[in-house]
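*Asks:* coords15.txt is reproduced below (compact mmCIF, C-alpha atoms and all ligand atoms).
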# COMPACT_ATOMS: atom_id res chain seq x y z
CA MET A 108 120.96 103.60 95.65
CA ILE A 109 118.09 103.08 93.30
CA GLU A 110 118.29 101.71 89.79
CA VAL A 111 115.52 102.41 87.31
CA LYS A 112 114.87 100.48 84.16
CA ASP A 113 114.02 103.63 82.25
CA ASP A 114 112.08 102.06 79.41
CA TRP A 115 109.80 100.09 81.73
CA CYS A 116 108.73 103.21 83.63
CA LYS A 117 105.35 104.61 82.65
CA GLY A 118 105.61 107.72 84.76
CA CYS A 119 102.85 107.03 87.27
CA ASN A 120 105.00 108.68 89.97
CA ILE A 121 103.65 106.31 92.62
CA CYS A 122 107.24 105.79 93.78
CA ILE A 123 107.72 109.53 94.19
CA GLU A 124 104.38 110.11 95.92
CA ARG A 125 104.65 107.18 98.30
CA CYS A 126 108.29 107.39 99.36
CA PRO A 127 108.01 107.89 103.11
CA VAL A 128 110.93 110.31 103.26
CA ASN A 129 110.29 112.10 99.99
CA ALA A 130 113.63 111.06 98.55
CA LEU A 131 112.65 110.78 94.89
CA GLU A 132 111.96 113.23 92.09
CA GLU A 133 111.42 113.15 88.34
CA SER A 134 114.73 113.06 86.51
CA ASP A 135 115.81 115.10 83.51
CA ARG A 136 116.19 111.96 81.42
CA LEU A 137 113.54 111.04 78.89
CA ASN A 138 112.82 107.40 78.14
CA LYS A 139 111.62 105.95 74.83
CA LYS A 140 108.06 107.04 75.55
CA GLY A 141 109.05 110.55 76.49
CA ILE A 142 108.57 109.92 80.20
CA ARG A 143 110.83 111.13 82.96
CA PRO A 144 111.75 108.17 85.19
CA PRO A 145 112.41 108.88 88.87
CA GLN A 146 115.79 109.53 90.46
CA LEU A 147 117.07 110.16 93.96
CA LYS A 148 117.23 113.80 94.97
CA LYS A 149 120.66 115.42 95.37
CA ASN A 150 120.51 115.32 99.17
CA ASN A 151 119.81 111.62 99.27
CA GLU A 152 117.46 110.82 102.16
CA CYS A 153 116.75 107.27 101.04
CA ASN A 154 116.71 104.76 103.89
CA ASP A 155 116.45 101.66 101.68
CA CYS A 156 112.94 100.86 102.89
CA ARG A 157 112.18 99.40 99.42
CA LEU A 158 108.63 100.71 99.34
CA CYS A 159 109.11 102.29 95.91
CA GLU A 160 110.47 99.00 94.59
CA LEU A 161 107.54 96.99 95.97
CA LEU A 162 104.86 99.41 94.77
CA CYS A 163 106.10 100.12 91.26
CA PRO A 164 103.43 98.55 89.01
CA ASP A 165 105.99 98.02 86.28
CA LEU A 166 108.78 96.46 88.34
CA ALA A 167 111.04 99.20 87.07
CA ILE A 168 112.83 100.16 90.32
CA SER A 169 115.46 98.23 92.23
CA VAL A 170 116.76 99.40 95.58
CA ILE A 171 120.34 98.40 96.20
CA SER A 172 121.42 99.08 99.73
CA ASP A 173 124.85 100.66 100.11
CA LYS A 174 125.96 98.71 103.11
CA GLU A 175 129.20 100.67 103.40
CA VAL A 176 127.49 104.01 103.83
CA LYS A 177 126.24 104.16 107.39
CA LYS A 178 123.00 106.06 107.74
CA GLU A 179 121.28 107.22 110.85
CA ASP A 180 118.01 105.48 111.54
CA LYS A 181 114.98 107.26 110.16
CA LYS A 182 111.46 106.75 111.28
CA ILE A 183 109.38 105.33 108.48
CA LEU A 184 106.19 107.30 108.18
CA LEU A 185 104.19 104.26 107.08
CA ARG A 186 100.65 104.13 108.26
CA PRO A 187 99.10 100.72 108.86
CA VAL A 188 96.42 99.82 106.33
CA GLY A 189 92.99 100.89 107.41
CA GLY A 190 94.13 103.71 109.66
CA THR A 191 94.79 103.88 113.34
CA ILE A 192 92.61 103.31 116.36
CA LYS A 193 92.56 105.78 119.19
CA MET B 285 120.13 79.02 95.35
CA VAL B 286 120.93 82.67 94.72
CA GLU B 287 119.18 84.96 97.12
CA ILE B 288 116.96 87.42 95.32
CA LYS B 289 117.12 90.88 96.81
CA THR B 290 115.96 93.35 94.19
CA ALA B 291 113.21 93.75 91.62
CA GLU B 292 115.86 93.52 88.92
CA GLU B 293 116.88 90.03 90.11
CA LEU B 294 113.24 89.05 90.54
CA ASN B 295 112.54 90.09 86.95
CA LYS B 296 115.46 88.06 85.63
CA LYS B 297 114.27 84.94 87.43
CA TYR B 298 110.53 85.09 86.88
CA LEU B 299 109.60 87.24 83.90
CA ARG B 300 109.49 86.81 80.16
CA GLU B 301 111.35 90.05 79.88
CA GLY B 302 110.82 90.20 76.14
CA MET B 303 107.12 90.72 76.82
CA TRP B 304 107.79 93.77 79.01
CA PRO B 305 106.80 96.54 79.58
CA THR B 306 103.24 95.39 80.11
CA ILE B 307 100.19 96.57 78.20
CA PHE B 308 98.69 97.91 81.43
CA CYS B 309 97.86 101.62 81.55
CA ASN B 310 99.88 104.09 83.53
CA GLY B 311 98.94 103.80 87.22
CA CYS B 312 97.10 100.48 86.85
CA GLY B 313 97.32 98.25 89.93
CA ILE B 314 97.44 94.89 88.14
CA GLY B 315 101.24 94.85 87.85
CA VAL B 316 101.53 95.26 91.62
CA VAL B 317 99.47 92.10 92.16
CA LEU B 318 101.92 90.19 89.97
CA GLU B 319 104.84 91.62 91.87
CA TYR B 320 103.41 90.63 95.26
CA THR B 321 102.72 87.13 93.95
CA LEU B 322 106.26 86.73 92.65
CA TRP B 323 107.80 87.93 95.92
CA ALA B 324 105.59 85.45 97.77
CA ILE B 325 106.68 82.60 95.48
CA GLU B 326 110.30 83.65 95.88
CA GLU B 327 109.99 83.68 99.68
CA LEU B 328 108.46 80.21 99.57
CA GLY B 329 111.29 79.02 97.33
CA TRP B 330 108.91 77.26 94.97
CA ASP B 331 110.20 75.42 91.93
CA MET B 332 108.65 77.22 88.95
CA ASP B 333 108.54 73.95 87.01
CA LYS B 334 105.87 72.87 89.47
CA VAL B 335 103.74 76.00 89.14
CA VAL B 336 101.08 76.57 86.49
CA PHE B 337 99.24 79.84 86.02
CA ALA B 338 95.78 79.94 84.52
CA SER B 339 93.66 82.93 83.60
CA GLY B 340 90.52 83.91 81.73
CA ILE B 341 90.04 87.06 79.68
CA GLY B 342 90.56 90.67 80.69
CA CYS B 343 93.41 93.02 81.49
CA SER B 344 94.15 91.12 84.70
CA SER B 345 94.00 87.80 82.90
CA ARG B 346 96.99 88.81 80.76
CA LEU B 347 99.29 88.25 83.73
CA PRO B 348 100.40 84.64 83.01
CA GLY B 349 101.78 85.83 79.67
CA TYR B 350 104.38 87.93 81.48
CA ILE B 351 105.68 85.12 83.69
CA ASN B 352 108.34 82.67 82.62
CA ALA B 353 106.36 79.58 83.62
CA ASP B 354 103.72 77.32 82.19
CA GLY B 355 100.45 79.14 81.77
CA LEU B 356 97.01 78.68 80.30
CA HIS B 357 95.21 81.73 78.93
CA THR B 358 91.71 80.34 78.65
CA THR B 359 88.26 81.58 77.70
CA HIS B 360 86.35 84.29 79.53
CA GLY B 361 85.32 83.18 83.03
CA ARG B 362 86.50 79.59 82.66
CA ALA B 363 89.98 79.74 84.17
CA ILE B 364 88.90 77.93 87.35
CA ALA B 365 87.35 75.09 85.37
CA PHE B 366 90.54 74.64 83.33
CA ALA B 367 92.61 74.89 86.50
CA THR B 368 90.55 72.18 88.17
CA GLY B 369 91.40 69.97 85.21
CA ILE B 370 95.11 70.70 85.54
CA LYS B 371 95.01 69.85 89.24
CA ALA B 372 93.05 66.66 88.62
CA ALA B 373 95.49 65.50 85.95
CA ASN B 374 98.58 66.29 88.01
CA PRO B 375 97.97 66.94 91.72
CA ASP B 376 101.69 67.66 92.22
CA LEU B 377 101.36 70.98 90.43
CA ASN B 378 100.62 74.21 92.24
CA VAL B 379 97.90 75.92 90.27
CA VAL B 380 97.49 79.68 90.55
CA ILE B 381 94.70 81.57 88.82
CA PHE B 382 94.76 85.22 87.86
CA THR B 383 91.31 86.53 87.17
CA GLY B 384 89.39 89.80 87.12
CA ASP B 385 86.23 90.76 88.93
CA GLY B 386 84.24 90.44 85.72
CA ASP B 387 85.94 87.19 84.79
CA CYS B 388 85.56 85.62 88.25
CA SER B 389 82.36 87.02 89.71
CA GLY B 390 80.47 87.79 86.50
CA ILE B 391 80.69 85.31 83.63
CA GLY B 392 82.72 82.83 85.72
CA GLY B 393 80.67 83.15 88.89
CA ASN B 394 79.34 79.61 88.95
CA HIS B 395 82.75 78.05 88.34
CA PHE B 396 84.05 80.08 91.22
CA ILE B 397 81.21 79.10 93.55
CA HIS B 398 81.54 75.39 92.92
CA ALA B 399 85.32 75.29 93.09
CA ALA B 400 85.10 77.04 96.46
CA ARG B 401 82.32 74.72 97.61
CA ARG B 402 84.31 71.64 96.63
CA ASN B 403 87.35 73.20 98.30
CA ILE B 404 89.55 72.37 95.33
CA ASP B 405 93.25 72.93 95.97
CA LEU B 406 93.72 76.09 93.89
CA THR B 407 94.85 79.64 94.62
CA VAL B 408 92.59 82.20 93.00
CA ILE B 409 94.02 85.71 92.81
CA MET B 410 91.17 87.99 91.80
CA VAL B 411 92.06 91.50 90.73
CA ASN B 412 89.05 93.62 91.59
CA ASN B 413 89.03 96.97 89.83
CA PHE B 414 85.21 97.36 90.02
CA VAL B 415 84.92 97.39 86.24
CA TYR B 416 85.35 95.52 82.95
CA GLY B 417 88.62 97.26 82.14
CA MET B 418 89.57 95.57 78.90
CA THR B 419 86.29 96.23 77.13
CA GLY B 420 86.18 99.89 78.06
CA GLY B 421 84.47 100.19 81.41
CA GLN B 422 81.17 98.35 81.73
CA SER B 423 79.88 97.99 85.26
CA SER B 424 81.03 94.78 86.95
CA PRO B 425 79.21 92.72 89.61
CA THR B 426 81.58 94.08 92.26
CA ALA B 427 81.04 97.75 91.32
CA PRO B 428 80.12 99.91 94.33
CA ILE B 429 76.61 101.36 94.43
CA GLY B 430 76.55 104.73 92.72
CA SER B 431 79.69 104.12 90.65
CA VAL B 432 79.52 105.28 87.05
CA ALA B 433 80.23 102.96 84.12
CA THR B 434 79.43 102.92 80.41
CA THR B 435 76.51 100.63 81.28
CA ALA B 436 75.59 102.67 84.36
CA PRO B 437 75.83 106.28 83.19
CA TYR B 438 73.63 107.54 86.04
CA GLY B 439 75.36 105.44 88.68
CA ASN B 440 75.14 101.77 89.56
CA ILE B 441 71.98 100.77 91.46
CA GLU B 442 72.89 97.08 91.89
CA HIS B 443 74.24 95.70 95.15
CA PRO B 444 77.87 94.67 94.74
CA PHE B 445 78.96 91.07 94.97
CA ASP B 446 81.04 90.47 98.13
CA ILE B 447 83.23 87.78 96.65
CA CYS B 448 85.15 87.18 99.89
CA GLY B 449 81.87 86.88 101.78
CA ILE B 450 80.61 84.17 99.46
CA ALA B 451 83.91 82.26 99.48
CA LYS B 452 83.85 82.32 103.26
CA ALA B 453 80.26 81.12 103.37
CA LEU B 454 81.14 78.28 101.00
CA GLY B 455 83.86 77.14 103.38
CA ALA B 456 86.92 78.00 101.32
CA ASN B 457 90.06 77.34 103.36
CA TYR B 458 91.67 80.73 102.90
CA VAL B 459 89.94 84.02 102.13
CA ALA B 460 91.59 87.45 102.17
CA ARG B 461 91.18 90.88 100.63
CA TRP B 462 93.88 93.54 100.28
CA PRO B 463 94.37 96.80 98.45
CA VAL B 464 97.54 96.95 96.35
CA SER B 465 98.64 100.20 97.95
CA HIS B 466 100.58 98.64 100.87
CA PRO B 467 102.91 95.71 100.23
CA TYR B 468 103.71 93.85 103.42
CA GLN B 469 100.50 92.21 104.62
CA PRO B 470 99.47 91.22 101.08
CA ILE B 471 102.76 89.48 100.33
CA LYS B 472 102.52 87.53 103.57
CA SER B 473 98.90 86.74 102.82
CA VAL B 474 99.65 85.51 99.29
CA LYS B 475 102.26 83.22 100.83
CA GLU B 476 99.65 81.80 103.20
CA GLY B 477 97.15 81.38 100.39
CA LEU B 478 99.63 79.64 98.11
CA GLN B 479 100.68 77.20 100.80
CA LYS B 480 97.17 76.40 101.89
CA LYS B 481 95.74 73.05 100.86
CA GLY B 482 92.22 73.50 99.57
CA PHE B 483 90.67 76.56 98.01
CA SER B 484 92.30 79.96 98.59
CA LEU B 485 90.93 83.27 97.43
CA LEU B 486 92.98 86.45 97.45
CA GLU B 487 91.01 89.45 96.33
CA PHE B 488 93.08 92.50 95.42
CA LEU B 489 91.54 95.94 95.20
CA ALA B 490 93.45 97.45 92.30
CA PRO B 491 93.08 100.93 90.83
CA CYS B 492 92.04 101.18 87.18
CA PRO B 493 92.63 104.83 86.31
CA THR B 494 91.48 104.47 82.71
CA ALA B 495 88.11 102.74 82.84
CA TYR B 496 87.09 103.34 86.46
CA GLY B 497 88.95 106.23 88.12
CA ARG B 498 88.53 108.70 85.29
CA ARG B 499 84.82 108.06 84.80
CA ASN B 500 84.15 108.21 88.53
CA LYS B 501 86.09 111.45 88.89
CA LEU B 502 88.42 109.96 91.48
CA GLY B 503 91.21 112.28 90.39
CA ASP B 504 94.71 111.65 89.12
CA ILE B 505 96.74 108.52 89.86
CA LYS B 506 97.92 109.82 93.23
CA LYS B 507 94.38 110.62 94.40
CA LEU B 508 92.97 107.38 93.01
CA TRP B 509 95.54 105.33 94.92
CA LYS B 510 94.77 107.31 98.04
CA TRP B 511 91.09 106.44 97.66
CA TYR B 512 92.02 102.89 98.60
CA ASP B 513 93.73 104.04 101.79
CA ASP B 514 90.78 106.21 102.76
CA ASN B 515 88.04 103.73 101.94
CA THR B 516 89.34 100.48 103.37
CA ILE B 517 89.52 99.29 106.95
CA LEU B 518 91.14 96.26 108.54
CA ILE B 519 88.53 93.74 109.61
CA GLU B 520 89.91 93.75 113.16
CA ASP B 521 89.55 97.54 113.40
CA TYR B 522 86.11 97.39 111.86
CA GLU B 523 84.88 94.87 114.38
CA LYS B 524 86.39 96.74 117.31
CA THR B 525 84.70 99.98 116.31
CA MET B 526 81.39 98.30 115.61
CA ASN B 527 81.48 96.62 119.01
CA TYR B 528 82.88 99.36 121.20
CA GLY B 529 82.85 102.59 119.17
CA ASN B 530 80.40 105.45 119.53
CA GLU B 531 77.76 106.26 116.92
CA LYS B 532 79.93 108.82 115.15
CA GLU B 533 82.84 106.40 114.82
CA LYS B 534 80.53 103.69 113.55
CA GLU B 535 79.00 106.04 111.00
CA GLU B 536 82.47 106.95 109.71
CA ILE B 537 83.54 103.40 108.91
CA LYS B 538 80.16 101.90 108.04
CA ASN B 539 80.66 102.06 104.30
CA LYS B 540 84.35 101.29 104.17
CA ILE B 541 85.54 98.15 102.44
CA GLN B 542 86.82 95.62 104.93
CA ILE B 543 90.25 94.16 104.27
CA GLY B 544 92.31 91.46 105.92
CA VAL B 545 92.16 87.70 106.32
CA PHE B 546 88.53 86.62 106.62
CA GLN B 547 88.99 82.89 106.83
CA ASP B 548 91.93 80.60 107.53
CA ILE B 549 90.83 77.02 108.22
CA GLU B 550 91.99 73.48 107.48
CA LYS B 551 89.13 71.62 105.88
CA SER B 552 90.09 68.63 103.78
CA GLY B 553 89.98 69.43 100.10
CA PHE B 554 88.28 67.67 97.20
CA PHE B 555 91.37 65.85 96.01
CA GLU B 556 92.27 64.65 99.50
CA GLU B 557 88.80 63.16 99.87
CA TYR B 558 89.04 61.69 96.38
CA GLU B 559 92.37 60.12 97.23
CA LYS B 560 90.86 58.58 100.39
CA LEU B 561 87.91 57.24 98.46
CA MET B 562 90.19 55.63 95.89
CA MET B 563 92.27 53.99 98.64
CA MET B 564 89.19 52.66 100.33
CA LEU B 565 87.79 51.21 97.13
CA GLN B 566 91.12 49.66 96.18
CA GLU B 567 91.47 48.08 99.62
CA LYS B 568 87.99 46.67 99.35
CA LYS B 569 88.86 45.24 95.96
CA THR B 570 92.11 43.55 97.11
CA THR B 571 90.65 42.17 100.36
CA GLY B 572 87.64 41.05 98.35
CA GLU B 573 89.87 39.18 95.91
CA LYS B 574 91.70 37.36 98.73
CA LYS B 575 88.52 35.82 100.07
C1 LIG A 601 82.41 84.87 76.24
C2 LIG A 601 82.92 86.27 76.22
N1 LIG A 601 82.09 87.29 76.52
C3 LIG A 601 82.55 88.57 76.53
C4 LIG A 601 83.86 88.84 76.23
C5 LIG A 601 84.34 90.25 76.22
N2 LIG A 601 85.18 90.58 77.35
C6 LIG A 601 86.51 90.54 77.28
S1 LIG A 601 87.28 91.02 78.69
C7 LIG A 601 85.78 91.27 79.44
C8 LIG A 601 85.67 91.79 80.84
C9 LIG A 601 86.86 91.58 81.69
O1 LIG A 601 86.66 92.20 82.92
P1 LIG A 601 87.46 91.77 84.21
O2 LIG A 601 87.45 90.31 84.36
O3 LIG A 601 86.95 92.58 85.34
O4 LIG A 601 88.96 92.15 83.86
P2 LIG A 601 89.70 93.55 83.75
O5 LIG A 601 89.86 93.80 82.30
O6 LIG A 601 88.90 94.58 84.45
O7 LIG A 601 91.01 93.28 84.42
C10 LIG A 601 84.73 90.98 78.57
C11 LIG A 601 83.31 91.15 78.92
C12 LIG A 601 84.69 87.74 75.92
N3 LIG A 601 85.99 87.91 75.64
N4 LIG A 601 84.21 86.48 75.91
S1 LIG A 602 106.39 103.68 90.22
FE1 LIG A 602 107.54 102.69 88.59
S2 LIG A 602 106.42 103.17 86.69
FE2 LIG A 602 105.71 104.59 88.28
S3 LIG A 602 107.02 106.41 88.01
FE3 LIG A 602 107.98 105.11 89.57
S4 LIG A 602 109.42 103.86 88.40
FE4 LIG A 602 108.02 104.73 86.92
S1 LIG A 603 113.75 102.82 99.17
FE1 LIG A 603 112.24 103.85 100.47
S2 LIG A 603 113.26 105.73 101.12
FE2 LIG A 603 114.42 104.96 99.38
S3 LIG A 603 113.55 105.99 97.61
FE3 LIG A 603 112.47 104.05 97.82
S4 LIG A 603 110.66 104.51 99.01
FE4 LIG A 603 112.09 106.23 99.27
S1 LIG A 604 91.92 99.47 81.47
FE1 LIG A 604 92.11 99.60 83.67
S2 LIG A 604 92.52 97.48 84.33
FE2 LIG A 604 92.93 97.60 82.13
S3 LIG A 604 95.13 98.03 81.99
FE3 LIG A 604 94.05 100.00 81.91
S4 LIG A 604 94.01 100.69 84.03
FE4 LIG A 604 94.49 98.52 84.07
Would you give me this structure, written as structure tokens?
Ligand SMILES: Cc1ncc(C[n+]2csc(CCOP(=O)(O)OP(=O)(O)O)c2C)c(N)n1
Ligand code: SF4
Ligand code: SF4
Ligand code: SF4
*Replies:*
Amino acid sequence: MIEVKDDWCKGCNICIERCPVNALEESDRLNKKGIRPPQLKKNNECNDCRLCELLCPDLAISVISDKEVKKEDKKILLRPVGGTIK
Amino acid sequence: MVEIKTAEELNKKYLREGMWPTIFCNGCGIGVVLEYTLWAIEELGWDMDKVVFASGIGCSSRLPGYINADGLHTTHGRAIAFATGIKAANPDLNVVIFTGDGDCSGIGGNHFIHAARRNIDLTVIMVNNFVYGMTGGQSSPTAPIGSVATTAPYGNIEHPFDICGIAKALGANYVARWPVSHPYQPIKSVKEGLQKKGFSLLEFLAPCPTAYGRRNKLGDIKKLWKWYDDNTILIEDYEKTMNYGNEKEKEEIKNKIQIGVFQDIEKSGFFEEYEKLMMMLQEKKTTGEKK
């Protein structure tokens, strides 16, 4: 589950763009500044990797892992910094 | 101690939440540097009553104001000088400096050089966005050749300052550079830098969409952030390719910005030497008195 502090979100969409499994989208809510904070998509693919939480420049996202809900392991599509070597 | 697991809990513990949201523009990387620093401090379990933040002037230098800890927002370029004073007055404090590329390598360049040379026990976290963000986008000493700024409308012709290179040459104990676009290595690296006795420099490559990205036509926030993935290379990979790669591979990475840990040594710092000197002189005095 993700929790967004709506009024801290500036709408950079870095969370949405960088989520390795493309689990986030803009919500229908508007915050004080008229920005649409992110939300999890209906078919929730989130694997609790916390990347969105760590990259949000405004510390607006928290990832709370639902320990009860068992999820199959997903491969994180993270690329090491600086690229790969052949 | 309560274990902190989420950004929400981190915020509660470390931020002056009344000051939030920050003044930083949408898509600015400075907030990420703060976040990585706070996670590193949390992982180290530091007592915030023993941490002091100092900064100069600039967007990046506003960071101490957002943290619920003692801080010193000083004059432009002088944060390291003030921080040296704090450390001298109370060596028990951990002193962390947030500074910008203009603040640290431009107006504050000499303070930086001599603090690194003396190996003073400070952690300098320099947010490098290649530009004077706060004053509207003048070219900074770290600006890449060809980059456009209000003071370089036809492209910058000056060679950029490699701030990690100079810190390494001066014998600073810990020197590392990271982009903000990937969290794990930087957080670990900040931890190492904070713990290190002697001078530590952590340079963060942070996007500034407003004063740098826009003027340099680097695209929207998504593209600008990607620029950092495409134009940086781990020092280990860089060296491997330069040693064993073919000409084409070398050509491809030649102009990329190297990232990683450049120096990690244990040289005794200024205050350790000072302490030793004081002991020696005091011993001399007491043994002298006995005679
Ligand atoms: C002595 C002095 N000279 C000039 C200024 C104007 N000034 C304020 S911020 C700044 C540049 C800051 O650039 P940088 O350190 O790169 O920080 P950024 O805003 O990019 O994070 C300048 C020149 C000042 N405040 N004081
Ligand atoms: S990264 Fe943070 S500020 Fe940016 S859109 Fe996501 S929640 Fe909002
Ligand atoms: S925790 Fe990871 S998988 Fe879940 S939304 Fe955030 S970035 Fe995507
Ligand atoms: S001007 Fe640049 S550095 Fe300053 S807050 Fe805006 S994006 Fe960040």
*Asks:* Under the rule that all atoms listed in the file are counted, which of B:Asn394, B:Thr358, B:Ser423, B:Ser465 is the nearest residue to ligand LIG 602 (chain A)?
*Replies:*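 The shortest atom-to-atom distance to ligand LIG 602 (chain A) comes from B:Ser465.
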*Asks:* Using only C-alpha atoms, find which residues of chain B lie within 8 Å of chain A and jot them down as a PyMOL selection string.
*Replies:* chain B and resi 290-292+295+304-306+310-316+319-320+464-467+505-506+513-518+521+543
*Asks:* Could I get the residue neighbourhood of ligand LIG 604 (chain A) at 8 Å, counting only C-alpha atoms and all ligand atoms, as a PDB file with C-alpha atoms, in the coordinates of the input?
*Replies:*
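What landed in pocket-v6.pdb:
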ATOM      1  CA  ILE B 307     100.190  96.570  78.200  1.00  0.00           C
ATOM      2  CA  PHE B 308      98.690  97.910  81.430  1.00  0.00           C
ATOM      3  CA  CYS B 309      97.860 101.620  81.550  1.00  0.00           C
ATOM      4  CA  ASN B 310      99.880 104.090  83.530  1.00  0.00           C
ATOM      5  CA  GLY B 311      98.940 103.800  87.220  1.00  0.00           C
ATOM      6  CA  CYS B 312      97.100 100.480  86.850  1.00  0.00           C
ATOM      7  CA  GLY B 313      97.320  98.250  89.930  1.00  0.00           C
ATOM      8  CA  ILE B 314      97.440  94.890  88.140  1.00  0.00           C
ATOM      9  CA  GLY B 342      90.560  90.670  80.690  1.00  0.00           C
ATOM     10  CA  CYS B 343      93.410  93.020  81.490  1.00  0.00           C
ATOM     11  CA  SER B 344      94.150  91.120  84.700  1.00  0.00           C
ATOM     12  CA  ASN B 413      89.030  96.970  89.830  1.00  0.00           C
ATOM     13  CA  VAL B 415      84.920  97.390  86.240  1.00  0.00           C
ATOM     14  CA  TYR B 416      85.350  95.520  82.950  1.00  0.00           C
ATOM     15  CA  GLY B 417      88.620  97.260  82.140  1.00  0.00           C
ATOM     16  CA  MET B 418      89.570  95.570  78.900  1.00  0.00           C
ATOM     17  CA  THR B 419      86.290  96.230  77.130  1.00  0.00           C
ATOM     18  CA  GLY B 420      86.180  99.890  78.060  1.00  0.00           C
ATOM     19  CA  GLY B 421      84.470 100.190  81.410  1.00  0.00           C
ATOM     20  CA  PRO B 491      93.080 100.930  90.830  1.00  0.00           C
ATOM     21  CA  CYS B 492      92.040 101.180  87.180  1.00  0.00           C
ATOM     22  CA  PRO B 493      92.630 104.830  86.310  1.00  0.00           C
ATOM     23  CA  THR B 494      91.480 104.470  82.710  1.00  0.00           C
ATOM     24  CA  ALA B 495      88.110 102.740  82.840  1.00  0.00           C
ATOM     25  CA  TYR B 496      87.090 103.340  86.460  1.00  0.00           C
TER      26      TYR B 496
END
*Asks:* Residues near A:Asp135, anyone? I mean within 9 Å using all atoms listed in the file, not counting same-chain ones fewer than 2 positions away, as an MDAnalysis selection string.
*Replies:* chainID A and resid 133 137 143:146
*Asks:* What are the closest atom pairs, with distances in Å to one decimal, for each residue of chain A lying within 7 Å of ligand LIG 603 (chain A), using only C-alpha atoms and all ligand atoms, rows by chain and rising residue number, as CSV?
*Replies:*
residue,atom,partner,partner_atom,distance
A:Ile109,CA,A:LIG603,S3,6.9
A:Cys122,CA,A:LIG603,S4,6.4
A:Arg125,CA,A:LIG603,S4,6.6
A:Cys126,CA,A:LIG603,S4,3.7
A:Pro127,CA,A:LIG603,FE4,5.8
A:Val128,CA,A:LIG603,S2,5.6
A:Asn129,CA,A:LIG603,FE4,6.2
A:Ala130,CA,A:LIG603,FE4,5.1
A:Leu131,CA,A:LIG603,S3,5.6
A:Leu147,CA,A:LIG603,S3,6.6
A:Glu152,CA,A:LIG603,S2,6.7
A:Cys153,CA,A:LIG603,FE2,3.7
A:Asn154,CA,A:LIG603,S2,4.5
A:Asp155,CA,A:LIG603,S1,3.9
A:Cys156,CA,A:LIG603,FE1,3.9
A:Arg157,CA,A:LIG603,S1,3.8
A:Leu158,CA,A:LIG603,S4,4.3
A:Cys159,CA,A:LIG603,S4,4.1
A:Glu160,CA,A:LIG603,FE3,6.3
A:Val170,CA,A:LIG603,S1,5.8
*Asks:* Would you mind telling me which residue in B:Ala363, B:Ala436, B:Ala373, B:Leu454 lies nearest to B:His398 when using all atoms listed in the file?
*Replies:*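 Among B:Ala363, B:Ala436, B:Ala373, B:Leu454, it is B:Leu454 that comes nearest to B:His398.
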*Asks:* Just to confirm, what's the straight-line distance from atom S1 of ligand LIG 602 (chain A) to atom CA of B:Arg498 in Å (one decimal)?
*Replies:*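 Distance between the two atoms: 19.2 Å.
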*Asks:* To one decimal in Å, tell me the separation between atom CA of B:Phe396 and atom CA of B:Thr435.
*Replies:* 24.0 Å
*Asks:* Work out how far atom CA of B:His360 is from atom FE2 of ligand LIG 602 (chain A), in Å to one decimal.
*Replies:*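 Taking atom FE2 of ligand LIG 602 (chain A) as the start and atom CA of B:His360 as the end point, the length is 29.4 Å.
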*Asks:* When distances are computed from all atoms listed in the file, which of B:Gly572, B:Pro425, B:Gly553, B:Pro444 shows the smallest separation from ligand LIG 601 (chain A)?
*Replies:*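 The shortest atom-to-atom distance to ligand LIG 601 (chain A) comes from B:Pro425.
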*Asks:* What's around B:Ile391 at 12 Å? Count all atoms listed in the file, leave out sequence neighbours fewer than 2 positions away in its own chain, and write the answer as an NGL selection string.
*Replies:* :B and (340-342 or 359-364 or 383-389 or 393-397 or 416 or 424-425)
*Asks:* Which one of B:Val336, B:Gln547, B:Leu565, B:Pro463 sits closest to B:Lys480 if you count only C-alpha atoms?
*Replies:*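 Ranked by minimum distance to B:Lys480, first place goes to B:Gln547.
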*Asks:* Taking into account all atoms listed in the file, which residue in the set B:Ile370, B:Trp509, B:Gly349, B:Val379 is nearest to ligand LIG 602 (chain A)?
*Replies:*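 Closest residue, counting all atoms listed in the file: B:Trp509.
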*Asks:* Could you name the residues that touch B:Lys371 at 12 Å or less, counting all atoms listed in the file, but leaving out those on the same chain fewer than 6 positions away, as a list in words?
*Replies:*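 Within the cut-off, the hits are Lys334, Val335, Val336, Phe337, Ala338, Ile364, Ala365, Leu377, Asn378, Val379, Val380, Ile381, Ala399, Ile404, Asp405, Leu406, Thr407, Gly482, Phe483, Gly553, Phe554, Phe555 and Glu556 of chain B.
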*Asks:* Set up a box along x, y and z of the file covering all listed atoms of stretch 392-397 of chain B, add 4 Å on every one of the six sides, and write the centre and edge lengths in Å to one decimal, as JSON.
*Replies:*
{"center_x": 81.7, "center_y": 80.6, "center_z": 89.6, "size_x": 12.7, "size_y": 13.1, "size_z": 15.8}
